[in-house]
Amino acid sequence: MSPPMSARVEQLLTAMTLDEKIGQITQVDRSAISPEQVAQFAIGSVLSGGGGNPEPNTPHTWRAMVDDFVAASRGSRLGIPILYGTDAVHGHNNVVGATIFPHNLALGAAGDADLVARIARATAIETAATGARWAFAPMVAVPQDHRWGRTFECFGQDPRRVARLSAASIAGLQGPGSGIDVLACAKHFIADGATTWGTTGGAQWVPWWERAYGGEGWQIDQGDARIDETTLRSVHLPPYRAAVDAGVGSIMASYSSLNGHKVHAHRGLLTDLLKRELGFAGLVVSDYHAIDQVSPDYHEAVVRCLDAGIDLVMVPFDHHRFRTTVRAAIEAGDLDIDRLDDAVARILGVKQAMGLLDGEPEVLPDPEVVGCAEHRALARRAAGAGAVLLSNRSGVLPLRSDVPVLLTGEGADDVGLACGGWTIEWGGSAGPVTPGSTLADGLAEHLGSRLVATGATAVDSSGLDAQHAPIGVVVVHEPPYAEGMGDHEVVALEPAQVALVRTVAEHVGQLVVVVLSGRPMQLGEVWQLADAVVAAWWPGSEAAGIADVLVGARPFTATLPLAWPDAPSTGATG
Ligand code: GLC
């Protein structure tokens, strides 16, 4: 199933040696290859995984790193430049100083396609300013179980809303013109959000993960989606139809399985459904190490995945083994040269649509644009737009400006906890990980001296007095994570945080609880202790936007993008 080839692509394909074709379908992690080797082996793509950052980590060092790889590739025999890919999933989130936008679940709550398109455009500008022109975004999954550690990356549970917002994100990233500015990547095809709890397995590389993370996690992520064709087509396919219609240039295959069959080796899905039925003419990229999970026999794994329809392989480390295995497969007749040519032609077709084959150096934004005031203002607006008012007894919100307000909780003044996963490091982390404006900054701006911020996590009663703080705001949070690290059977607040809410409730007149989380959490007695509860999700580096809706500078307009497990009926659902 080969899309029509341009004369330029045909010319290159005809000129390429077998090894150059194999290099072109090879994607390598930046830590596992030098620019010289990129040229030597005619590598097609290099990536930064989560946390794959230069040291020091600045927009300028990123630009220098990527420029080195691109310049080296332009110096190869045929001068085909690499595509540099990175997970710019809520802004260019690996880079210190970049604008970090709310994660997709908050944008799904906001439900505003124009806002999503603007955010994607700003993300594309900041990504391209560091030389990278491929964002592994948007995630277009439709999550079915909030215990999944990737729920926060999704726009929500309504396939129509997911389709609408995915198309907007792709348009924003790839740009208004006919060419492709920053390549978008709809992921992960298909039904990654439909897996069953307890079915993850077969990932040979997981053992090193258990050593690193104590065996927690990976219970549903990369598991088995046990669904029928009707469910597949009605729930999980619509976002991909919308993505293909929006002209998405790449699609990433899912680690997961469909009814016991690994998607990476599923020809019916990757070729017959995606390429033939939907008419997808771009490139299908594998996920990180994912082909290794298909079979303990690497030769078999490579052949099955490429034959199924994978075009570009995110190896990501041992590119020598991968390249020699593909050559052996072609020479043995296990892999047809026509399939290799089709994969190369798809990759070159995308590069041509990006203006990478016309020999002209790319014209990219200046790294100074990364984290600019305009983008941060957009992120602040988005933070408020995504916040859902789950309950508001006695009209405590919007906050009065004529009485003191006490603010406490670890997340009240912590950029890392407001950004969540996929921020600077793969799983994110608490602390001042990147510049930004917190909820505390925003409330201080609005309330001035009326803000009594204890800032403590373990508040002692001496700091609290209802006469001095008639209103209390407690920020509770879910510790950040990424992917299967976040698979938890019970998603509930830590006891110490519930104890904090209980203590503050005893000492203030009215209480507001703000939840920073990647997904709905069981709040238990907090529902009764709080006069108002706000779902802020992971609002990003400009969480001051949450203060804007708390004080009424902006209205609450968001609705729940998926069910909140123990919320009293609040009418806040979308
Ligand atoms: C990860 C994720 C995928 C990401 C890729 C590169 O494992 O599954 O979403 O784009 O690897 O970091």
# chains A, B, ... in the order shown; residues from 1 in each chain; ligands from 1
>>> residues_near_ligand(ligand="ligand 1", cutoff="9 Å", atoms="only C-alpha atoms and all ligand atoms", output="PDB file with C-alpha atoms, in the first residue's frame")
ATOM      1  CA  LEU A  47      15.106  11.425  19.399  1.00  0.00           C
ATOM      2  CA  SER A  48      15.119  12.667  22.942  1.00  0.00           C
ATOM      3  CA  GLY A  49      13.074  10.399  25.172  1.00  0.00           C
ATOM      4  CA  GLY A  50      11.567  11.789  28.386  1.00  0.00           C
ATOM      5  CA  GLY A  51      14.437  13.554  30.147  1.00  0.00           C
ATOM      6  CA  GLY A  52      16.802  13.081  27.190  1.00  0.00           C
ATOM      7  CA  GLY A  85      11.821  13.996  17.600  1.00  0.00           C
ATOM      8  CA  THR A  86      10.853  14.786  21.194  1.00  0.00           C
ATOM      9  CA  ASP A  87       7.823  14.433  23.474  1.00  0.00           C
ATOM     10  CA  ALA A  88       6.563  18.014  23.334  1.00  0.00           C
ATOM     11  CA  VAL A  89       3.242  16.892  24.833  1.00  0.00           C
ATOM     12  CA  ALA A 135       6.622  16.394  18.377  1.00  0.00           C
ATOM     13  CA  PHE A 136       5.379  12.977  19.561  1.00  0.00           C
ATOM     14  CA  ALA A 137       1.966  14.530  20.121  1.00  0.00           C
ATOM     15  CA  MET A 139      -1.983  11.565  22.347  1.00  0.00           C
ATOM     16  CA  CYS A 185       2.325  12.325  15.781  1.00  0.00           C
ATOM     17  CA  LYS A 187      -0.534   8.189  19.317  1.00  0.00           C
ATOM     18  CA  HIS A 188      -0.735   5.364  20.198  1.00  0.00           C
ATOM     19  CA  GLN A 222       0.833  -1.638  27.562  1.00  0.00           C
ATOM     20  CA  MET A 252       2.919   6.015  16.638  1.00  0.00           C
ATOM     21  CA  SER A 254       0.821   1.260  20.600  1.00  0.00           C
ATOM     22  CA  TYR A 255       2.804  -1.047  22.890  1.00  0.00           C
ATOM     23  CA  SER A 286       7.256   2.241  16.580  1.00  0.00           C
ATOM     24  CA  ASP A 287       7.392   3.078  20.266  1.00  0.00           C
ATOM     25  CA  TYR A 288      10.527   3.066  22.437  1.00  0.00           C
ATOM     26  CA  HIS A 289      11.994  -0.482  22.483  1.00  0.00           C
ATOM     27  CA  ALA A 290       8.519  -1.718  21.530  1.00  0.00           C
ATOM     28  CA  MET A 314      12.463   3.725  17.497  1.00  0.00           C
ATOM     29  CA  TRP A 426      10.299  11.650  32.159  1.00  0.00           C
ATOM     30  CA  ALA A 482       4.633   8.978  33.575  1.00  0.00           C
ATOM     31  CA  GLU A 483       3.251   5.940  31.778  1.00  0.00           C
TER      32      GLU A 483
END
>>> residues_around(residues="region 158-172 of chain A", least_positions_apart="2", cutoff="7 Å", atoms="only C-alpha atoms", output="ChimeraX atom specification")
/A:113,116-118,120-121,138,140,142,155-156,174-176,184,235-236,238-239,242-243,246,248
>>> write_last_selection(atoms="N, CA and C atoms", output="CSV table (one decimal), in the first residue's frame")
chain,number,residue,atom,x,y,z
A,113,ALA,N,-11.4,24.0,21.1
A,113,ALA,CA,-10.5,23.6,20.0
A,113,ALA,C,-9.6,24.8,19.6
A,116,VAL,N,-6.8,24.9,22.1
A,116,VAL,CA,-5.8,23.8,21.8
A,116,VAL,C,-4.9,24.1,20.6
A,117,ALA,N,-5.5,24.7,19.6
A,117,ALA,CA,-4.7,25.0,18.4
A,117,ALA,C,-3.7,26.0,18.7
A,118,ARG,N,-4.1,27.0,19.5
A,118,ARG,CA,-3.1,28.1,19.8
A,118,ARG,C,-2.0,27.5,20.7
A,120,ALA,N,-0.9,24.4,20.6
A,120,ALA,CA,-0.1,23.6,19.8
A,120,ALA,C,0.8,24.5,18.9
A,121,ARG,N,0.3,25.6,18.4
A,121,ARG,CA,1.1,26.5,17.6
A,121,ARG,C,2.3,27.1,18.5
A,138,PRO,N,-0.3,14.8,19.2
A,138,PRO,CA,-1.0,14.6,20.4
A,138,PRO,C,-1.3,13.2,20.7
A,140,VAL,N,-4.0,10.7,21.4
A,140,VAL,CA,-5.4,10.7,21.0
A,140,VAL,C,-6.2,9.6,21.6
A,142,VAL,N,-8.5,7.2,24.0
A,142,VAL,CA,-9.8,7.4,24.7
A,142,VAL,C,-9.8,6.5,26.0
A,155,PHE,N,-7.4,13.6,26.1
A,155,PHE,CA,-8.4,14.7,26.1
A,155,PHE,C,-9.7,14.3,26.8
A,156,GLY,N,-9.9,13.0,27.1
A,156,GLY,CA,-11.1,12.6,27.8
A,156,GLY,C,-11.7,11.4,27.2
A,174,GLN,N,1.4,21.3,13.0
A,174,GLN,CA,1.9,21.2,11.6
A,174,GLN,C,1.9,22.6,10.9
A,175,GLY,N,1.0,23.5,11.4
A,175,GLY,CA,1.1,24.8,10.8
A,175,GLY,C,0.0,25.1,9.8
A,176,PRO,N,-0.2,26.4,9.5
A,176,PRO,CA,-1.4,26.8,8.7
A,176,PRO,C,-1.1,26.5,7.2
A,184,ALA,N,3.5,16.4,13.6
A,184,ALA,CA,2.7,15.9,14.7
A,184,ALA,C,2.7,14.4,14.6
A,235,VAL,N,-15.4,3.8,19.4
A,235,VAL,CA,-14.7,4.5,20.5
A,235,VAL,C,-13.3,5.0,20.2
A,236,HIS,N,-12.5,4.1,19.6
A,236,HIS,CA,-11.1,4.3,19.5
A,236,HIS,C,-10.6,4.8,18.2
A,238,PRO,N,-12.4,6.9,15.9
A,238,PRO,CA,-12.7,8.3,15.4
A,238,PRO,C,-11.6,9.3,15.6
A,239,PRO,N,-10.8,9.3,16.7
A,239,PRO,CA,-9.7,10.3,16.7
A,239,PRO,C,-8.7,10.1,15.6
A,242,ALA,N,-10.1,11.5,12.4
A,242,ALA,CA,-9.9,13.0,12.5
A,242,ALA,C,-8.5,13.4,12.2
A,243,ALA,N,-7.5,12.6,12.8
A,243,ALA,CA,-6.1,12.9,12.6
A,243,ALA,C,-5.7,12.8,11.2
A,246,ALA,N,-7.0,15.5,9.2
A,246,ALA,CA,-6.3,16.8,9.5
A,246,ALA,C,-4.9,16.8,8.9
A,248,VAL,N,-2.3,14.6,9.5
A,248,VAL,CA,-1.2,14.2,10.4
A,248,VAL,C,-0.1,13.5,9.6
>>> residues_around(residues="Gly420 (chain A)", least_positions_apart="5", cutoff="10 Å", atoms="only C-alpha atoms", output="list in words")
Pro102, His103, Phe152, Val415, Trp426, Gly427, Gly428, Ser429, Ala430, His477, Glu478, Pro479, Pro480, Tyr481, Ala482, Leu516, Ser517, Gly518, Trp537, Trp538, Pro539, Gly540 and Ser541 of chain A
>>> write_last_selection(atoms="N, CA, C and O atoms", output="PDB file, in the first residue's frame")
ATOM      1  N   PRO A 102      -1.059  23.252  30.348  1.00  0.00           N
ATOM      2  CA  PRO A 102      -1.801  22.188  31.037  1.00  0.00           C
ATOM      3  C   PRO A 102      -1.773  20.904  30.208  1.00  0.00           C
ATOM      4  O   PRO A 102      -1.760  20.960  28.968  1.00  0.00           O
ATOM      5  N   HIS A 103      -1.763  19.769  30.887  1.00  0.00           N
ATOM      6  CA  HIS A 103      -1.828  18.503  30.158  1.00  0.00           C
ATOM      7  C   HIS A 103      -3.185  18.353  29.474  1.00  0.00           C
ATOM      8  O   HIS A 103      -4.159  19.043  29.814  1.00  0.00           O
ATOM      9  N   PHE A 152      -3.799  11.307  32.100  1.00  0.00           N
ATOM     10  CA  PHE A 152      -3.636  12.770  32.024  1.00  0.00           C
ATOM     11  C   PHE A 152      -3.223  13.257  30.652  1.00  0.00           C
ATOM     12  O   PHE A 152      -3.375  14.421  30.314  1.00  0.00           O
ATOM     13  N   VAL A 415       6.116  24.523  41.302  1.00  0.00           N
ATOM     14  CA  VAL A 415       5.907  24.443  39.839  1.00  0.00           C
ATOM     15  C   VAL A 415       5.913  22.993  39.383  1.00  0.00           C
ATOM     16  O   VAL A 415       5.095  22.581  38.558  1.00  0.00           O
ATOM     17  N   TRP A 426      11.376  12.508  32.676  1.00  0.00           N
ATOM     18  CA  TRP A 426      10.299  11.650  32.159  1.00  0.00           C
ATOM     19  C   TRP A 426       9.073  11.674  33.074  1.00  0.00           C
ATOM     20  O   TRP A 426       7.950  12.002  32.651  1.00  0.00           O
ATOM     21  N   GLY A 427       9.298  11.352  34.374  1.00  0.00           N
ATOM     22  CA  GLY A 427       8.164  11.251  35.287  1.00  0.00           C
ATOM     23  C   GLY A 427       7.830  12.550  35.983  1.00  0.00           C
ATOM     24  O   GLY A 427       6.933  12.591  36.829  1.00  0.00           O
ATOM     25  N   GLY A 428       8.572  13.636  35.643  1.00  0.00           N
ATOM     26  CA  GLY A 428       8.328  14.900  36.345  1.00  0.00           C
ATOM     27  C   GLY A 428       8.839  14.815  37.768  1.00  0.00           C
ATOM     28  O   GLY A 428       9.322  13.772  38.215  1.00  0.00           O
ATOM     29  N   SER A 429       8.750  15.906  38.524  1.00  0.00           N
ATOM     30  CA  SER A 429       9.169  15.866  39.932  1.00  0.00           C
ATOM     31  C   SER A 429       8.717  17.152  40.624  1.00  0.00           C
ATOM     32  O   SER A 429       8.458  18.170  39.960  1.00  0.00           O
ATOM     33  N   ALA A 430       8.622  17.090  41.949  1.00  0.00           N
ATOM     34  CA  ALA A 430       8.280  18.287  42.744  1.00  0.00           C
ATOM     35  C   ALA A 430       9.458  19.254  42.687  1.00  0.00           C
ATOM     36  O   ALA A 430      10.574  18.889  42.295  1.00  0.00           O
ATOM     37  N   HIS A 477      -2.465  17.164  46.229  1.00  0.00           N
ATOM     38  CA  HIS A 477      -1.863  16.800  44.930  1.00  0.00           C
ATOM     39  C   HIS A 477      -1.610  15.311  44.804  1.00  0.00           C
ATOM     40  O   HIS A 477      -1.503  14.592  45.804  1.00  0.00           O
ATOM     41  N   GLU A 478      -1.517  14.893  43.563  1.00  0.00           N
ATOM     42  CA  GLU A 478      -1.057  13.546  43.219  1.00  0.00           C
ATOM     43  C   GLU A 478       0.404  13.673  42.801  1.00  0.00           C
ATOM     44  O   GLU A 478       0.721  14.491  41.938  1.00  0.00           O
ATOM     45  N   PRO A 479       1.316  12.908  43.402  1.00  0.00           N
ATOM     46  CA  PRO A 479       2.723  13.001  43.011  1.00  0.00           C
ATOM     47  C   PRO A 479       2.893  12.675  41.524  1.00  0.00           C
ATOM     48  O   PRO A 479       2.206  11.782  41.022  1.00  0.00           O
ATOM     49  N   PRO A 480       3.751  13.384  40.805  1.00  0.00           N
ATOM     50  CA  PRO A 480       3.870  13.180  39.352  1.00  0.00           C
ATOM     51  C   PRO A 480       4.451  11.825  38.963  1.00  0.00           C
ATOM     52  O   PRO A 480       5.111  11.173  39.755  1.00  0.00           O
ATOM     53  N   TYR A 481       4.164  11.410  37.728  1.00  0.00           N
ATOM     54  CA  TYR A 481       4.621  10.118  37.198  1.00  0.00           C
ATOM     55  C   TYR A 481       4.458  10.174  35.687  1.00  0.00           C
ATOM     56  O   TYR A 481       3.899  11.117  35.135  1.00  0.00           O
ATOM     57  N   ALA A 482       4.902   9.117  35.020  1.00  0.00           N
ATOM     58  CA  ALA A 482       4.633   8.978  33.575  1.00  0.00           C
ATOM     59  C   ALA A 482       4.361   7.512  33.288  1.00  0.00           C
ATOM     60  O   ALA A 482       4.888   6.623  33.948  1.00  0.00           O
ATOM     61  N   LEU A 516      -4.539  19.120  42.545  1.00  0.00           N
ATOM     62  CA  LEU A 516      -3.568  19.037  41.440  1.00  0.00           C
ATOM     63  C   LEU A 516      -3.341  17.559  41.169  1.00  0.00           C
ATOM     64  O   LEU A 516      -2.828  16.825  42.014  1.00  0.00           O
ATOM     65  N   SER A 517      -3.777  17.071  39.997  1.00  0.00           N
ATOM     66  CA  SER A 517      -3.648  15.628  39.754  1.00  0.00           C
ATOM     67  C   SER A 517      -3.670  15.344  38.258  1.00  0.00           C
ATOM     68  O   SER A 517      -4.128  16.170  37.458  1.00  0.00           O
ATOM     69  N   GLY A 518      -3.223  14.132  37.918  1.00  0.00           N
ATOM     70  CA  GLY A 518      -3.256  13.715  36.520  1.00  0.00           C
ATOM     71  C   GLY A 518      -4.590  13.110  36.140  1.00  0.00           C
ATOM     72  O   GLY A 518      -4.785  12.733  34.977  1.00  0.00           O
ATOM     73  N   TRP A 537      -6.341  19.638  37.752  1.00  0.00           N
ATOM     74  CA  TRP A 537      -5.522  18.739  36.934  1.00  0.00           C
ATOM     75  C   TRP A 537      -4.035  19.094  37.098  1.00  0.00           C
ATOM     76  O   TRP A 537      -3.636  19.506  38.201  1.00  0.00           O
ATOM     77  N   TRP A 538      -3.241  18.941  36.010  1.00  0.00           N
ATOM     78  CA  TRP A 538      -1.846  19.426  36.066  1.00  0.00           C
ATOM     79  C   TRP A 538      -1.776  20.641  35.167  1.00  0.00           C
ATOM     80  O   TRP A 538      -1.642  20.534  33.947  1.00  0.00           O
ATOM     81  N   PRO A 539      -1.927  21.849  35.747  1.00  0.00           N
ATOM     82  CA  PRO A 539      -2.159  23.079  34.970  1.00  0.00           C
ATOM     83  C   PRO A 539      -0.920  23.678  34.313  1.00  0.00           C
ATOM     84  O   PRO A 539      -1.037  24.574  33.487  1.00  0.00           O
ATOM     85  N   GLY A 540       0.278  23.145  34.687  1.00  0.00           N
ATOM     86  CA  GLY A 540       1.470  23.599  33.987  1.00  0.00           C
ATOM     87  C   GLY A 540       2.245  24.673  34.741  1.00  0.00           C
ATOM     88  O   GLY A 540       2.050  24.920  35.934  1.00  0.00           O
ATOM     89  N   SER A 541       3.156  25.347  34.016  1.00  0.00           N
ATOM     90  CA  SER A 541       4.079  26.299  34.659  1.00  0.00           C
ATOM     91  C   SER A 541       3.387  27.596  35.055  1.00  0.00           C
ATOM     92  O   SER A 541       3.961  28.402  35.794  1.00  0.00           O
TER      93      SER A 541
END
>>> select_by_dssp(residues="region 230-263 of chain A", states="alpha helix (DSSP H)", output="VMD selection string")
chain A and resid 230 to 231 238 to 245
>>> select_by_dssp(residues="region 378-478 of chain A", states="strand (DSSP E or B)", output="PyMOL selection string")
chain A and resi 388-392+405-408+423+425+437+451-453+471-477
>>> closest_residue(among="A:Glu55, A:Asp68, A:Glu525, A:Glu425", to="Gln37 (chain A)", atoms="only C-alpha atoms")
A:Asp68
>>> residues_around(residues="Val549 (chain A)", least_positions_apart="6", cutoff="7 Å", atoms="only C-alpha atoms", output="VMD selection string")
chain A and resid 384 555 to 556
>>> write_last_selection(atoms="N, CA and C atoms", output="CSV table (one decimal), in the first residue's frame")
chain,number,residue,atom,x,y,z
A,384,GLY,N,-6.7,28.3,33.8
A,384,GLY,CA,-8.0,28.6,34.4
A,384,GLY,C,-9.1,28.0,33.6
A,555,PRO,N,-14.4,33.2,34.7
A,555,PRO,CA,-15.4,32.3,35.2
A,555,PRO,C,-14.9,30.9,35.1
A,556,PHE,N,-15.5,30.0,35.9
A,556,PHE,CA,-15.3,28.6,35.7
A,556,PHE,C,-16.2,28.2,34.5
>>> residues_around(residues="region 301-311 of chain A", least_positions_apart="5", cutoff="9 Å", atoms="only C-alpha atoms", output="JSON list (two decimals) with N, CA, C and O atoms, in the first residue's frame")
[["chain", "number", "residue", "atom", "x", "y", "z"],
["A", 25, "ILE", "N", 15.27, 4.11, 7.95],
["A", 25, "ILE", "CA", 14.15, 3.62, 8.80],
["A", 25, "ILE", "C", 14.59, 3.43, 10.25],
["A", 25, "ILE", "O", 13.85, 2.85, 11.05],
["A", 252, "MET", "N", 2.10, 6.94, 15.86],
["A", 252, "MET", "CA", 2.92, 6.02, 16.64],
["A", 252, "MET", "C", 2.08, 4.81, 17.03],
["A", 252, "MET", "O", 0.95, 4.96, 17.51],
["A", 253, "ALA", "N", 2.68, 3.63, 16.83],
["A", 253, "ALA", "CA", 1.99, 2.39, 17.17],
["A", 253, "ALA", "C", 1.98, 2.22, 18.69],
["A", 253, "ALA", "O", 2.84, 2.72, 19.40],
["A", 263, "VAL", "N", -0.02, -4.97, 18.91],
["A", 263, "VAL", "CA", -0.36, -4.03, 17.84],
["A", 263, "VAL", "C", 0.83, -3.80, 16.92],
["A", 263, "VAL", "O", 0.66, -3.68, 15.71],
["A", 264, "HIS", "N", 2.04, -3.78, 17.47],
["A", 264, "HIS", "CA", 3.22, -3.51, 16.64],
["A", 264, "HIS", "C", 3.42, -4.55, 15.55],
["A", 264, "HIS", "O", 4.11, -4.28, 14.57],
["A", 265, "ALA", "N", 2.82, -5.74, 15.74],
["A", 265, "ALA", "CA", 2.97, -6.80, 14.71],
["A", 265, "ALA", "C", 1.63, -7.13, 14.09],
["A", 265, "ALA", "O", 1.42, -8.23, 13.56],
["A", 266, "HIS", "N", 0.69, -6.17, 14.15],
["A", 266, "HIS", "CA", -0.70, -6.43, 13.71],
["A", 266, "HIS", "C", -0.94, -5.80, 12.33],
["A", 266, "HIS", "O", -1.31, -4.62, 12.23],
["A", 267, "ARG", "N", -0.73, -6.55, 11.28],
["A", 267, "ARG", "CA", -0.88, -6.04, 9.91],
["A", 267, "ARG", "C", -2.31, -5.57, 9.63],
["A", 267, "ARG", "O", -2.52, -4.56, 8.95],
["A", 268, "GLY", "N", -3.26, -6.26, 10.23],
["A", 268, "GLY", "CA", -4.66, -5.88, 10.01],
["A", 268, "GLY", "C", -4.93, -4.47, 10.49],
["A", 268, "GLY", "O", -5.73, -3.74, 9.89],
["A", 269, "LEU", "N", -4.27, -4.07, 11.58],
["A", 269, "LEU", "CA", -4.48, -2.73, 12.12],
["A", 269, "LEU", "C", -3.58, -1.70, 11.41],
["A", 269, "LEU", "O", -4.07, -0.67, 10.92],
["A", 270, "LEU", "N", -2.27, -2.00, 11.34],
["A", 270, "LEU", "CA", -1.33, -0.98, 10.87],
["A", 270, "LEU", "C", -1.43, -0.76, 9.37],
["A", 270, "LEU", "O", -1.28, 0.36, 8.88],
["A", 271, "THR", "N", -1.68, -1.82, 8.63],
["A", 271, "THR", "CA", -1.73, -1.67, 7.17],
["A", 271, "THR", "C", -3.16, -1.65, 6.64],
["A", 271, "THR", "O", -3.59, -0.70, 5.99],
["A", 275, "LYS", "N", -3.59, 2.23, 6.96],
["A", 275, "LYS", "CA", -3.05, 2.70, 5.69],
["A", 275, "LYS", "C", -4.03, 2.52, 4.54],
["A", 275, "LYS", "O", -4.21, 3.41, 3.70],
["A", 283, "LEU", "N", 4.02, 8.35, 7.92],
["A", 283, "LEU", "CA", 4.86, 7.27, 8.42],
["A", 283, "LEU", "C", 4.35, 6.75, 9.76],
["A", 283, "LEU", "O", 3.84, 7.52, 10.58],
["A", 284, "VAL", "N", 4.47, 5.45, 9.96],
["A", 284, "VAL", "CA", 4.13, 4.83, 11.25],
["A", 284, "VAL", "C", 5.45, 4.55, 11.97],
["A", 284, "VAL", "O", 6.34, 3.88, 11.44],
["A", 285, "VAL", "N", 5.57, 5.13, 13.19],
["A", 285, "VAL", "CA", 6.79, 4.95, 13.96],
["A", 285, "VAL", "C", 6.50, 3.99, 15.12],
["A", 285, "VAL", "O", 5.39, 4.01, 15.69],
["A", 286, "SER", "N", 7.45, 3.15, 15.44],
["A", 286, "SER", "CA", 7.26, 2.24, 16.58],
["A", 286, "SER", "C", 7.49, 3.01, 17.87],
["A", 286, "SER", "O", 8.02, 4.11, 17.86],
["A", 291, "ILE", "N", 9.44, -2.93, 19.60],
["A", 291, "ILE", "CA", 9.48, -4.14, 18.75],
["A", 291, "ILE", "C", 10.12, -5.29, 19.51],
["A", 291, "ILE", "O", 9.82, -6.46, 19.26],
["A", 292, "ASP", "N", 10.96, -4.99, 20.51],
["A", 292, "ASP", "CA", 11.61, -6.05, 21.29],
["A", 292, "ASP", "C", 10.59, -6.90, 22.05],
["A", 292, "ASP", "O", 10.87, -8.02, 22.43],
["A", 293, "GLN", "N", 9.40, -6.29, 22.28],
["A", 293, "GLN", "CA", 8.39, -7.03, 23.07],
["A", 293, "GLN", "C", 7.64, -8.05, 22.22],
["A", 293, "GLN", "O", 6.88, -8.86, 22.75],
["A", 294, "VAL", "N", 7.80, -7.98, 20.92],
["A", 294, "VAL", "CA", 6.98, -8.84, 20.04],
["A", 294, "VAL", "C", 7.46, -10.29, 20.08],
["A", 294, "VAL", "O", 6.66, -11.22, 20.00],
["A", 295, "SER", "N", 8.78, -10.47, 20.19],
["A", 295, "SER", "CA", 9.31, -11.84, 20.25],
["A", 295, "SER", "C", 10.69, -11.82, 20.89],
["A", 295, "SER", "O", 11.45, -10.88, 20.68],
["A", 296, "PRO", "N", 11.02, -12.85, 21.66],
["A", 296, "PRO", "CA", 12.39, -12.95, 22.19],
["A", 296, "PRO", "C", 13.41, -13.17, 21.08],
["A", 296, "PRO", "O", 14.60, -12.92, 21.26],
["A", 322, "PHE", "N", 20.05, -3.55, 15.11],
["A", 322, "PHE", "CA", 18.85, -3.38, 14.30],
["A", 322, "PHE", "C", 19.19, -3.37, 12.81],
["A", 322, "PHE", "O", 18.61, -4.10, 12.00],
["A", 325, "THR", "N", 20.28, -6.68, 11.47],
["A", 325, "THR", "CA", 19.15, -7.63, 11.45],
["A", 325, "THR", "C", 18.26, -7.38, 10.24],
["A", 325, "THR", "O", 17.83, -8.32, 9.56],
["A", 326, "VAL", "N", 18.00, -6.12, 9.93],
["A", 326, "VAL", "CA", 17.17, -5.82, 8.76],
["A", 326, "VAL", "C", 17.89, -6.29, 7.48],
["A", 326, "VAL", "O", 17.28, -6.92, 6.60],
["A", 329, "ALA", "N", 17.56, -9.92, 7.16],
["A", 329, "ALA", "CA", 16.18, -10.31, 6.83],
["A", 329, "ALA", "C", 15.90, -10.12, 5.34],
["A", 329, "ALA", "O", 15.25, -10.95, 4.70],
["A", 334, "ASP", "N", 13.31, -12.94, 4.15],
["A", 334, "ASP", "CA", 12.26, -12.91, 5.18],
["A", 334, "ASP", "C", 11.47, -11.59, 5.12],
["A", 334, "ASP", "O", 10.32, -11.53, 5.50],
["A", 335, "LEU", "N", 12.12, -10.53, 4.65],
["A", 335, "LEU", "CA", 11.48, -9.23, 4.53],
["A", 335, "LEU", "C", 11.61, -8.78, 3.06],
["A", 335, "LEU", "O", 12.70, -8.81, 2.49],
["A", 336, "ASP", "N", 10.49, -8.39, 2.48],
["A", 336, "ASP", "CA", 10.48, -8.03, 1.06],
["A", 336, "ASP", "C", 11.07, -6.63, 0.85],
["A", 336, "ASP", "O", 10.71, -5.70, 1.58],
["A", 339, "ARG", "N", 8.63, -3.77, 0.76],
["A", 339, "ARG", "CA", 8.13, -3.23, 2.03],
["A", 339, "ARG", "C", 9.12, -2.21, 2.55],
["A", 339, "ARG", "O", 8.74, -1.15, 3.02],
["A", 340, "LEU", "N", 10.43, -2.50, 2.43],
["A", 340, "LEU", "CA", 11.45, -1.55, 2.86],
["A", 340, "LEU", "C", 11.35, -0.27, 2.03],
["A", 340, "LEU", "O", 11.36, 0.84, 2.56],
["A", 342, "ASP", "N", 8.77, 0.91, 0.50],
["A", 342, "ASP", "CA", 7.55, 1.64, 0.86],
["A", 342, "ASP", "C", 7.77, 2.44, 2.14],
["A", 342, "ASP", "O", 7.40, 3.62, 2.24],
["A", 343, "ALA", "N", 8.44, 1.83, 3.13],
["A", 343, "ALA", "CA", 8.71, 2.52, 4.40],
["A", 343, "ALA", "C", 9.60, 3.73, 4.15],
["A", 343, "ALA", "O", 9.31, 4.84, 4.64],
["A", 344, "VAL", "N", 10.66, 3.56, 3.37],
["A", 344, "VAL", "CA", 11.57, 4.66, 3.07],
["A", 344, "VAL", "C", 10.85, 5.77, 2.31],
["A", 344, "VAL", "O", 10.98, 6.96, 2.62],
["A", 346, "ARG", "N", 7.71, 6.53, 2.41],
["A", 346, "ARG", "CA", 6.82, 7.25, 3.33],
["A", 346, "ARG", "C", 7.61, 8.25, 4.17],
["A", 346, "ARG", "O", 7.20, 9.41, 4.37],
["A", 347, "ILE", "N", 8.74, 7.84, 4.66],
["A", 347, "ILE", "CA", 9.58, 8.73, 5.46],
["A", 347, "ILE", "C", 10.06, 9.91, 4.61],
["A", 347, "ILE", "O", 9.96, 11.08, 5.02]]
>>> residues_around(residues="region 351-355 of chain A", least_positions_apart="2", cutoff="12 Å", atoms="only C-alpha atoms", output="PyMOL selection string")
chain A and resi 5-10+12+24+44-45+80-84+133-134+174-175+177-184+247-250+281-283+344-349+357-363
>>> residues_around(residues="Ile100 (chain A)", least_positions_apart="3", cutoff="10 Å", atoms="only C-alpha atoms", output="PyMOL selection string")
chain A and resi 88-97+103+119+123+371+375-376+379-380+415+418-419+422-424+434-436+539-543
>>> closest_residue(among="A:Ala42, A:Ala132, A:Ala15, A:Val433", to="Val66 (chain A)", atoms="only C-alpha atoms")
A:Ala132
